[in-house]
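Below is data-v1.tsv, holding TSV, C-alpha atoms.
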chain	number	residue	atom	x	y	z
A	812	SER	CA	-25.79	-39.15	-36.16
A	813	ILE	CA	-27.88	-36.21	-37.29
A	814	ALA	CA	-30.87	-37.53	-35.37
A	815	GLY	CA	-28.77	-37.92	-32.21
A	816	SER	CA	-27.31	-34.44	-32.51
A	817	SER	CA	-30.77	-33.00	-33.02
A	818	SER	CA	-32.00	-34.75	-29.87
A	819	VAL	CA	-29.14	-33.35	-27.74
A	820	MET	CA	-29.70	-29.87	-29.12
A	821	ALA	CA	-33.43	-30.11	-28.44
A	822	LYS	CA	-32.78	-31.08	-24.83
A	823	LYS	CA	-30.35	-28.19	-24.40
A	824	VAL	CA	-32.82	-25.70	-25.86
A	825	SER	CA	-35.53	-27.09	-23.61
A	826	ALA	CA	-33.28	-26.75	-20.56
A	827	ASP	CA	-32.33	-23.19	-21.51
A	828	MET	CA	-35.97	-22.29	-22.02
A	829	GLN	CA	-36.87	-23.78	-18.65
A	830	ARG	CA	-34.06	-21.84	-16.99
A	831	THR	CA	-35.22	-18.65	-18.67
A	832	LYS	CA	-38.78	-19.34	-17.56
A	833	MET	CA	-37.63	-19.79	-13.95
A	834	GLN	CA	-35.59	-16.57	-14.12
A	835	ILE	CA	-38.63	-14.70	-15.39
A	836	GLN	CA	-40.73	-16.19	-12.59
A	837	ALA	CA	-38.11	-15.18	-10.00
A	838	ALA	CA	-37.94	-11.69	-11.44
A	839	GLY	CA	-41.71	-11.53	-11.28
A	840	GLN	CA	-41.61	-12.57	-7.63
A	841	ALA	CA	-39.06	-9.82	-6.91
A	842	MET	CA	-41.19	-7.19	-8.65
A	843	LYS	CA	-44.31	-8.50	-6.94
A	844	ALA	CA	-42.64	-8.21	-3.53
A	845	MET	CA	-41.45	-4.70	-4.35
A	846	ALA	CA	-44.86	-3.75	-5.66
A	847	GLY	CA	-46.53	-5.02	-2.50
A	848	VAL	CA	-44.28	-2.97	-0.27
A	849	ALA	CA	-44.65	0.11	-2.45
A	850	ALA	CA	-48.44	-0.24	-2.48
A	851	ALA	CA	-48.44	-0.44	1.32
A	852	ALA	CA	-46.36	2.72	1.37
A	853	GLY	CA	-48.68	4.39	-1.13
A	854	VAL	CA	-46.00	4.78	-3.79
A	855	ALA	CA	-46.00	3.58	-7.39
A	856	VAL	CA	-43.25	1.06	-8.18
A	857	ALA	CA	-42.31	2.92	-11.32
A	858	GLY	CA	-41.95	6.19	-9.41
A	859	LYS	CA	-38.56	7.85	-9.13
A	860	THR	CA	-39.05	8.02	-5.37
A	861	VAL	CA	-38.95	4.24	-5.09
A	862	VAL	CA	-35.92	3.89	-7.33
A	863	ASP	CA	-34.01	6.57	-5.42
A	864	SER	CA	-35.03	5.12	-2.06
A	865	VAL	CA	-33.90	1.62	-2.93
A	866	LYS	CA	-30.63	2.96	-4.33
A	867	THR	CA	-30.05	5.04	-1.19
A	868	TYR	CA	-30.77	2.08	1.07
A	869	VAL	CA	-28.49	-0.22	-0.92
A	870	GLU	CA	-25.64	2.29	-0.64
A	871	PHE	CA	-26.26	2.70	3.09
A	872	GLU	CA	-26.49	-1.04	3.75
A	873	ASN	CA	-23.31	-1.58	1.77
A	874	ALA	CA	-21.48	1.10	3.78
A	875	VAL	CA	-22.52	-0.51	7.08
A	876	THR	CA	-21.61	-3.99	5.82
A	877	LYS	CA	-18.24	-2.71	4.65
A	878	ALA	CA	-17.58	-1.35	8.14
A	879	GLY	CA	-18.78	-4.56	9.77
A	880	THR	CA	-16.23	-6.68	7.93
A	881	LYS	CA	-13.40	-4.59	9.39
A	882	PHE	CA	-14.22	-4.63	13.09
A	883	LYS	CA	-11.81	-6.89	14.92
A	884	ASP	CA	-14.47	-8.14	17.34
A	885	LEU	CA	-16.93	-9.32	14.68
A	886	ASP	CA	-17.01	-12.76	13.09
A	887	VAL	CA	-18.84	-12.52	9.77
A	888	THR	CA	-19.71	-16.23	9.98
A	889	SER	CA	-21.37	-15.98	13.40
A	890	GLU	CA	-25.12	-15.86	14.06
A	891	SER	CA	-24.75	-12.56	15.94
A	892	TYR	CA	-23.05	-10.79	13.03
A	893	ASN	CA	-26.27	-9.74	11.28
A	894	GLU	CA	-27.71	-8.58	14.61
A	895	THR	CA	-24.69	-6.31	15.11
A	896	LEU	CA	-25.10	-4.94	11.58
A	897	GLU	CA	-28.69	-4.08	12.45
A	898	LEU	CA	-27.51	-2.27	15.58
A	899	MET	CA	-24.96	-0.32	13.54
A	900	GLN	CA	-27.65	0.60	11.02
A	901	THR	CA	-29.86	1.86	13.83
A	902	LYS	CA	-27.05	3.89	15.39
A	903	ALA	CA	-26.03	5.41	12.05
A	904	ARG	CA	-29.63	6.37	11.32
A	905	GLU	CA	-30.00	7.96	14.76
A	906	VAL	CA	-27.01	10.15	13.96
A	907	GLY	CA	-28.36	10.94	10.50
A	908	ALA	CA	-31.73	11.97	11.91
A	909	ALA	CA	-30.21	14.20	14.63
A	910	THR	CA	-27.28	15.91	12.88
A	911	LYS	CA	-26.31	17.54	9.60
A	912	PHE	CA	-24.50	14.34	8.61
A	913	SER	CA	-26.39	11.64	6.76
A	914	ALA	CA	-26.75	8.06	7.91
A	915	THR	CA	-24.41	7.04	5.10
A	916	ASP	CA	-21.85	9.57	6.37
A	917	ALA	CA	-22.19	8.03	9.81
A	918	ALA	CA	-21.67	4.55	8.35
A	919	GLY	CA	-18.47	5.85	6.76
A	920	ALA	CA	-17.37	7.09	10.17
A	921	LEU	CA	-17.93	3.61	11.60
A	922	ASP	CA	-15.75	2.23	8.83
A	923	LYS	CA	-13.01	4.72	9.72
A	924	MET	CA	-13.23	3.76	13.39
A	925	ALA	CA	-12.91	0.09	12.47
A	926	MET	CA	-9.74	0.93	10.56
A	927	ALA	CA	-8.46	2.74	13.67
A	928	GLY	CA	-8.70	-0.52	15.61
A	929	LEU	CA	-11.82	0.17	17.66
A	930	THR	CA	-14.37	-2.53	18.39
A	931	SER	CA	-17.92	-2.24	17.08
A	932	GLU	CA	-19.12	-1.45	20.61
A	933	GLN	CA	-16.56	1.34	21.01
A	934	ALA	CA	-17.35	2.79	17.60
A	935	MET	CA	-21.09	2.89	18.20
A	936	GLY	CA	-20.46	4.49	21.59
A	937	MET	CA	-18.28	7.22	20.05
A	938	LEU	CA	-20.37	7.94	16.96
A	939	MET	CA	-22.75	10.64	18.21
A	940	GLY	CA	-20.04	12.48	20.14
A	941	THR	CA	-17.77	12.45	17.11
A	942	THR	CA	-20.45	13.91	14.85
A	943	ASN	CA	-21.18	16.62	17.43
A	944	LEU	CA	-17.47	17.38	17.53
A	945	ALA	CA	-17.27	17.68	13.76
A	946	ALA	CA	-20.40	19.83	13.52
A	947	SER	CA	-19.43	22.14	16.39
A	948	VAL	CA	-16.01	23.04	15.01
A	949	GLY	CA	-16.80	22.82	11.30
A	950	LEU	CA	-14.82	19.69	10.43
A	951	ASP	CA	-15.59	16.96	7.95
A	952	LEU	CA	-16.52	13.69	9.62
A	953	THR	CA	-13.47	11.75	8.44
A	954	SER	CA	-11.04	14.27	9.95
A	955	ALA	CA	-13.07	14.36	13.16
A	956	VAL	CA	-12.84	10.57	13.49
A	957	ASP	CA	-9.05	10.66	13.04
A	958	MET	CA	-8.65	13.36	15.66
A	959	ALA	CA	-11.14	11.87	18.12
A	960	THR	CA	-9.63	8.39	18.09
A	961	ASP	CA	-6.08	9.73	18.49
A	962	ALA	CA	-7.16	12.06	21.32
A	963	MET	CA	-8.80	9.11	23.07
A	964	GLY	CA	-5.47	7.36	23.21
A	965	ALA	CA	-3.44	10.45	24.08
A	966	PHE	CA	-5.56	11.22	27.16
A	967	ASN	CA	-5.96	7.56	28.16
A	968	LEU	CA	-9.74	7.67	27.72
A	969	VAL	CA	-10.23	4.47	25.71
A	970	SER	CA	-12.70	2.09	27.34
A	971	GLU	CA	-14.20	-1.27	26.42
A	972	ASP	CA	-17.53	-0.19	27.92
A	973	GLN	CA	-19.83	1.44	25.34
A	974	GLU	CA	-21.43	3.85	27.83
A	975	GLN	CA	-18.09	4.91	29.26
A	976	ILE	CA	-16.42	5.49	25.91
A	977	SER	CA	-19.50	7.43	24.82
A	978	ALA	CA	-19.15	9.65	27.89
A	979	ASN	CA	-15.42	10.06	27.24
A	980	MET	CA	-16.04	11.01	23.60
A	981	ASN	CA	-18.61	13.59	24.66
A	982	ARG	CA	-16.07	14.93	27.15
A	983	ILE	CA	-13.47	15.38	24.42
A	984	ALA	CA	-15.99	17.03	22.10
A	985	ASP	CA	-17.18	19.42	24.81
A	986	VAL	CA	-13.66	20.40	25.87
A	987	VAL	CA	-12.60	21.05	22.28
A	988	ALA	CA	-15.74	23.04	21.53
A	989	ARG	CA	-15.34	25.24	24.61
A	990	THR	CA	-11.57	25.66	24.18
A	991	THR	CA	-11.86	26.78	20.57
A	992	ASN	CA	-14.67	29.12	21.62
A	993	MET	CA	-12.66	30.72	24.43
A	994	ALA	CA	-9.16	30.80	22.95
A	995	ASN	CA	-7.50	31.90	19.70
A	996	THR	CA	-7.14	28.38	18.34
A	997	ASP	CA	-9.06	25.81	16.31
A	998	MET	CA	-9.53	22.05	16.29
A	999	SER	CA	-6.62	21.37	13.96
A	1000	MET	CA	-4.17	23.37	16.07
A	1001	TRP	CA	-5.55	21.82	19.26
A	1002	PHE	CA	-5.01	18.38	17.78
A	1003	GLU	CA	-1.42	19.20	16.76
A	1004	ALA	CA	-0.78	20.26	20.34
A	1005	VAL	CA	-2.33	17.02	21.59
A	1006	LYS	CA	-0.07	14.88	19.41
A	1007	SER	CA	3.03	16.71	20.64
A	1008	GLY	CA	2.30	17.04	24.33
A	1009	ALA	CA	-0.75	15.19	25.62
A	1010	PRO	CA	0.73	11.68	26.10
A	1011	GLN	CA	3.50	12.96	28.38
A	1012	PHE	CA	1.16	15.36	30.17
A	1013	THR	CA	-1.32	12.55	30.81
A	1014	ALA	CA	1.38	10.10	31.90
A	1015	LEU	CA	2.41	12.60	34.60
A	1016	GLY	CA	-1.11	12.84	36.00
A	1017	GLY	CA	-2.58	15.68	33.94
A	1018	ASP	CA	-6.05	15.65	32.38
A	1019	ILE	CA	-7.58	16.93	29.15
A	1020	GLU	CA	-9.15	19.98	30.82
A	1021	THR	CA	-5.92	21.29	32.35
A	1022	PHE	CA	-3.98	20.53	29.18
A	1023	SER	CA	-6.52	22.35	27.00
A	1024	ALA	CA	-6.65	25.35	29.33
A	1025	ALA	CA	-2.86	25.65	29.15
A	1026	ILE	CA	-2.89	25.22	25.35
A	1027	GLY	CA	-5.62	27.82	25.02
A	1028	THR	CA	-3.69	30.26	27.21
A	1029	LEU	CA	-0.55	29.79	25.13
A	1030	ALA	CA	-2.57	30.20	21.92
A	1031	ASN	CA	-3.80	33.60	23.08
A	1032	SER	CA	-0.17	34.69	23.12
A	1033	GLY	CA	0.62	33.27	19.70
A	1034	ILE	CA	2.07	29.92	20.77
A	1035	LYS	CA	-0.09	27.39	18.95
A	1036	GLY	CA	-0.30	23.89	17.54
A	1037	ALA	CA	2.67	21.57	17.82
A	1038	GLU	CA	4.79	24.39	19.27
A	1039	ALA	CA	2.41	24.72	22.23
A	1040	GLY	CA	2.19	20.97	22.78
A	1041	THR	CA	5.96	20.57	22.66
A	1042	ALA	CA	6.43	23.45	25.09
A	1043	LEU	CA	3.98	21.96	27.59
A	1044	ARG	CA	5.62	18.54	27.26
A	1045	ASN	CA	9.07	20.04	27.94
A	1046	ILE	CA	7.75	21.96	30.94
A	1047	MET	CA	6.36	18.77	32.45
A	1048	LEU	CA	9.55	16.83	31.75
A	1049	ARG	CA	11.71	19.57	33.29
A	1050	LEU	CA	9.55	19.56	36.40
A	1051	SER	CA	9.31	15.79	36.79
A	1052	ALA	CA	12.95	14.99	36.00
A	1053	PRO	CA	15.00	18.18	36.37
A	1054	ALA	CA	18.69	18.45	35.64
A	1055	LYS	CA	20.94	19.18	38.63
A	1056	ALA	CA	20.76	22.93	38.12
A	1057	GLY	CA	16.99	22.72	37.83
A	1058	ALA	CA	16.66	20.57	40.95
A	1059	ASP	CA	18.83	23.05	42.87
A	1060	ALA	CA	16.67	25.95	41.67
A	1061	LEU	CA	13.47	24.14	42.68
A	1062	GLY	CA	15.00	23.47	46.09
A	1063	GLU	CA	16.05	27.12	46.48
A	1064	LEU	CA	12.51	28.23	45.72
A	1065	GLY	CA	11.07	25.58	48.05
A	1066	ILE	CA	8.85	24.09	45.34
A	1067	ASN	CA	7.59	20.53	45.75
A	1068	VAL	CA	6.61	18.84	42.50
A	1069	PHE	CA	5.54	15.51	44.02
A	1070	ASN	CA	3.28	14.61	46.93
A	1071	SER	CA	4.17	12.28	49.78
A	1072	GLU	CA	3.15	9.27	47.68
A	1073	GLY	CA	5.53	10.20	44.88
A	1074	LYS	CA	2.80	11.32	42.48
A	1075	MET	CA	3.16	14.55	40.57
A	1076	LEU	CA	1.00	17.34	41.94
A	1077	PRO	CA	-1.68	18.95	39.73
A	1078	PHE	CA	-0.10	21.37	37.27
A	1079	ILE	CA	-1.97	24.42	38.56
A	1080	ASP	CA	-0.94	23.63	42.16
A	1081	ILE	CA	2.69	23.63	41.04
A	1082	MET	CA	2.11	26.93	39.23
A	1083	LYS	CA	0.69	28.43	42.42
A	1084	GLN	CA	3.87	27.49	44.26
A	1085	PHE	CA	5.91	29.31	41.62
A	1086	GLU	CA	3.74	32.42	41.94
A	1087	LYS	CA	4.21	32.51	45.68
A	1088	SER	CA	7.94	31.67	45.67
A	1089	LEU	CA	8.85	34.13	42.91
A	1090	ASP	CA	6.89	37.02	44.39
A	1091	GLY	CA	9.35	39.81	45.19
A	1092	VAL	CA	12.34	38.06	43.55
A	1093	ALA	CA	14.40	40.41	41.36
A	1094	ASP	CA	13.81	39.97	37.62
A	1095	GLU	CA	17.39	38.99	36.88
A	1096	LYS	CA	17.41	36.39	39.63
A	1097	LYS	CA	14.01	35.13	38.57
A	1098	ALA	CA	15.15	34.67	34.96
A	1099	LYS	CA	18.21	32.73	36.13
A	1100	LEU	CA	16.19	30.35	38.31
A	1101	LEU	CA	13.57	29.68	35.63
A	1102	THR	CA	16.22	29.09	32.97
A	1103	ASP	CA	17.92	26.55	35.22
A	1104	ILE	CA	14.63	24.75	35.70
A	1105	PHE	CA	13.07	24.90	32.23
A	1106	GLY	CA	15.96	25.55	29.88
A	1107	ALA	CA	16.08	28.12	27.12
A	1108	ARG	CA	13.46	26.37	24.94
A	1109	ALA	CA	10.61	26.06	27.44
A	1110	ILE	CA	11.10	29.11	29.65
A	1111	GLY	CA	9.26	31.45	27.29
A	1112	SER	CA	6.07	29.35	27.32
A	1113	PHE	CA	6.23	28.94	31.08
A	1114	GLN	CA	6.54	32.70	31.49
A	1115	VAL	CA	3.46	33.17	29.32
A	1116	LEU	CA	1.50	30.90	31.65
A	1117	MET	CA	2.90	32.74	34.67
A	1118	SER	CA	1.92	36.10	33.18
A	1119	ALA	CA	-1.64	34.88	32.65
A	1120	GLY	CA	-1.70	33.88	36.29
A	1121	THR	CA	-3.04	30.83	38.07
A	1122	GLU	CA	-6.34	32.56	38.79
A	1123	GLU	CA	-7.09	32.88	35.08
A	1124	LEU	CA	-5.72	29.42	34.33
A	1125	SER	CA	-7.90	27.93	37.07
A	1126	LYS	CA	-10.92	29.80	35.75
A	1127	PHE	CA	-10.27	28.51	32.23
A	1128	THR	CA	-9.84	24.96	33.53
A	1129	ASN	CA	-13.06	25.11	35.56
A	1130	GLU	CA	-14.93	26.32	32.47
A	1131	LEU	CA	-13.75	23.16	30.73
A	1132	TYR	CA	-14.68	20.95	33.67
A	1133	ASN	CA	-18.20	22.36	33.33
A	1134	ALA	CA	-18.33	22.21	29.53
A	1135	GLY	CA	-20.81	19.32	29.40
A	1136	GLY	CA	-23.10	19.67	26.41
A	1137	ALA	CA	-21.03	22.43	24.77
A	1138	ALA	CA	-20.41	20.54	21.53
A	1139	GLU	CA	-24.05	19.57	21.11
A	1140	THR	CA	-25.16	23.14	21.86
A	1141	MET	CA	-22.76	24.58	19.29
A	1142	ALA	CA	-23.72	21.96	16.73
A	1143	ASN	CA	-27.42	22.71	17.24
A	1144	ALA	CA	-26.77	26.44	16.94
A	1145	GLN	CA	-25.10	25.91	13.58
A	1146	MET	CA	-28.04	23.81	12.44
A	1147	LYS	CA	-30.28	26.87	12.81
A	1148	SER	CA	-28.49	28.65	9.99
A	1149	PHE	CA	-30.03	28.38	6.52
A	1150	ALA	CA	-27.18	26.16	5.34
A	1151	GLY	CA	-27.53	24.01	8.44
A	1152	MET	CA	-31.26	23.63	7.90
A	1153	ILE	CA	-30.68	22.52	4.32
A	1154	GLU	CA	-28.20	19.87	5.50
A	1155	GLN	CA	-30.59	18.70	8.19
A	1156	LEU	CA	-33.40	18.50	5.63
A	1157	LYS	CA	-31.20	16.34	3.41
A	1158	SER	CA	-30.45	14.01	6.31
A	1159	ALA	CA	-34.13	13.81	7.28
A	1160	TRP	CA	-35.11	13.03	3.68
A	1161	GLN	CA	-32.48	10.32	3.45
A	1162	ASP	CA	-33.90	8.74	6.60
A	1163	LYS	CA	-37.31	8.60	4.92
A	1164	GLN	CA	-35.70	6.97	1.89
A	1165	LEU	CA	-33.98	4.44	4.12
A	1166	SER	CA	-37.27	3.56	5.77
A	1167	LEU	CA	-38.83	2.86	2.38
A	1168	GLY	CA	-35.75	0.99	1.14
A	1169	LYS	CA	-35.67	-1.06	4.34
A	1170	ALA	CA	-39.33	-1.90	3.85
A	1171	PHE	CA	-38.52	-3.49	0.49
A	1172	GLU	CA	-35.93	-5.69	2.14
A	1173	VAL	CA	-38.24	-6.71	4.99
A	1174	GLY	CA	-41.12	-7.11	2.56
A	1175	GLY	CA	-39.38	-9.96	0.79
A	1176	ALA	CA	-37.83	-8.22	-2.20
A	1177	LYS	CA	-34.33	-9.17	-1.09
A	1178	ASP	CA	-35.20	-12.84	-0.82
A	1179	ALA	CA	-36.87	-12.76	-4.22
A	1180	LEU	CA	-33.85	-11.09	-5.77
A	1181	GLN	CA	-31.59	-13.71	-4.15
A	1182	ASN	CA	-33.70	-16.40	-5.80
A	1183	LEU	CA	-33.27	-14.64	-9.12
A	1184	ILE	CA	-29.49	-14.59	-8.65
A	1185	THR	CA	-29.56	-18.27	-7.69
A	1186	TYR	CA	-31.35	-19.15	-10.89

Have the structure of the file written as structure tokens, please.
Amino acid sequence: SIAGSSSVMAKKVSADMQRTKMQIQAAGQAMKAMAGVAAAAGVAVAGKTVVDSVKTYVEFENAVTKAGTKFKDLDVTSESYNETLELMQTKAREVGAATKFSATDAAGALDKMAMAGLTSEQAMGMLMGTTNLAASVGLDLTSAVDMATDAMGAFNLVSEDQEQISANMNRIADVVARTTNMANTDMSMWFEAVKSGAPQFTALGGDIETFSAAIGTLANSGIKGAEAGTALRNIMLRLSAPAKAGADALGELGINVFNSEGKMLPFIDIMKQFEKSLDGVADEKKAKLLTDIFGARAIGSFQVLMSAGTEELSKFTNELYNAGGAAETMANAQMKSFAGMIEQLKSAWQDKQLSLGKAFEVGGAKDALQNLITY
């Protein structure tokens, strides 16, 4: 009937009005919470500063949350998940406050590390060292993350311990910074060399410092990037598993590649044996012996290292062993330029915005907004 239809419609209108009233009340609660926080901070709610700060914080929180969902060690349904997100926020903000990269940039780096298969602990341990690496050699943060994570694996420096992986990341950053400062190469070429030669070099007992010193020495003679890495890999393979002619030549020169325990001797120690054994040998004979050992493709690079001499190679390597803090020093030096100061100012301002935006969340605005969404 008409009366019945009117009654149903009246109830629906009443329910809709009640729902609208509750939404308005929830919205009022959200604005009240935001206003309270803003008043405590001495800022007007309608001010652009507040709007920008909340927007910046939302973007930052979203970036951290996005990273958190990708880490293989995190369970988004666990009670500890939100605590880990808070730790990641803190770590990202520490990086943003200390470097030219913003906290949101740092959160993006965490996301990239998650995609590379690292755990949240590993990623947080590597974050500061990675940003120092990027800043010291002029790389964008995404590229630095790619290179850092791959270098970790190539030199067998991955660790489950956050402090250890942090130390290892700083070691990589410092070695790269000092190598690119001392030799005619850059981070990209160093990384290409790492991809081509570091795994084999490391498997045979070599370390990042010796590898980088050799790569830097080759770069100074025009042998760079993948070409240098491939050459060093072939040299190590020819020494560790020589063909018959190579083994005979090593025997004739009296060179021992392995110690009594069957482990390969340090690369520079082997080079010293070559220097001593080849001293006084006629050039033609010398060329024949080295070709038998290293083959036509690797002999040229080995001769470059021999020409530089083990004294210089040892000096270069020792510089890298003592390179602690080099990346941070170079990064800080770049921050003193006008452009660097502008970037640092941007990062510092974003941190202030994040503090204000975080205050809104802690002050109850987030809960009030959630109530609004629920209604």

Near Ala908 of chain A, counting all atoms listed in the file, which residues have an atom at most 7 Å away, once you skip same-chain residues fewer than 4 positions from it, shown as number ranges by chain? A: 904, 1158-1159, 1162

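Interatomic distance, atom CA of Lys923 of chain A against atom CA of Asp884 of chain A: 15.0 Å.
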
So which one's closest to Glu1020 of chain A, A:Met993, A:Ile983, A:Leu929, A:Leu1043? Using all atoms listed in the file, please.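 Of A:Met993, A:Ile983, A:Leu929, A:Leu1043, the one nearest Glu1020 of chain A, counting all atoms listed in the file, is A:Ile983.
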
One decimal, in Å: what's the spacing between atom CA of Ala1009 of chain A and atom CA of Phe1078 of chain A?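 Interatomic distance here is 13.2 Å.
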
Just want the 12 Å neighbourhood of Asp1059 of chain A, counted on all atoms listed in the file, with same-chain residues fewer than 6 positions away dropped. Output as a short mmCIF file (atom, residue, chain, number, x, y, z; two decimals) with C-alpha atoms, in the frame of the given file.
data_model
loop_
_atom_site.label_atom_id
_atom_site.label_comp_id
_atom_site.auth_asym_id
_atom_site.auth_seq_id
_atom_site.Cartn_x
_atom_site.Cartn_y
_atom_site.Cartn_z
CA LEU A 1050 9.55 19.56 36.40
CA PRO A 1053 15.00 18.18 36.37
CA GLY A 1065 11.07 25.58 48.05
CA ILE A 1066 8.85 24.09 45.34
CA ASN A 1067 7.59 20.53 45.75
CA LYS A 1099 18.21 32.73 36.13
CA LEU A 1100 16.19 30.35 38.31
CA LEU A 1101 13.57 29.68 35.63
CA THR A 1102 16.22 29.09 32.97
CA ASP A 1103 17.92 26.55 35.22
CA ILE A 1104 14.63 24.75 35.70
#

Let me make sure I understand: among A:Thr1128, A:Ser913, A:Thr1121, A:Ser954, which one has the smallest atom-to-atom distance to Thr867 of chain A if we use all atoms listed in the file?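 Nearest candidate to Thr867 of chain A out of A:Thr1128, A:Ser913, A:Thr1121, A:Ser954: A:Ser913.
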
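Between Pro1077 of chain A and the candidates A:Gly1057, A:Gly1040, A:Gly1017, A:Gly1136, the tightest atom-to-atom separation, counting only C-alpha atoms, involves A:Gly1017.
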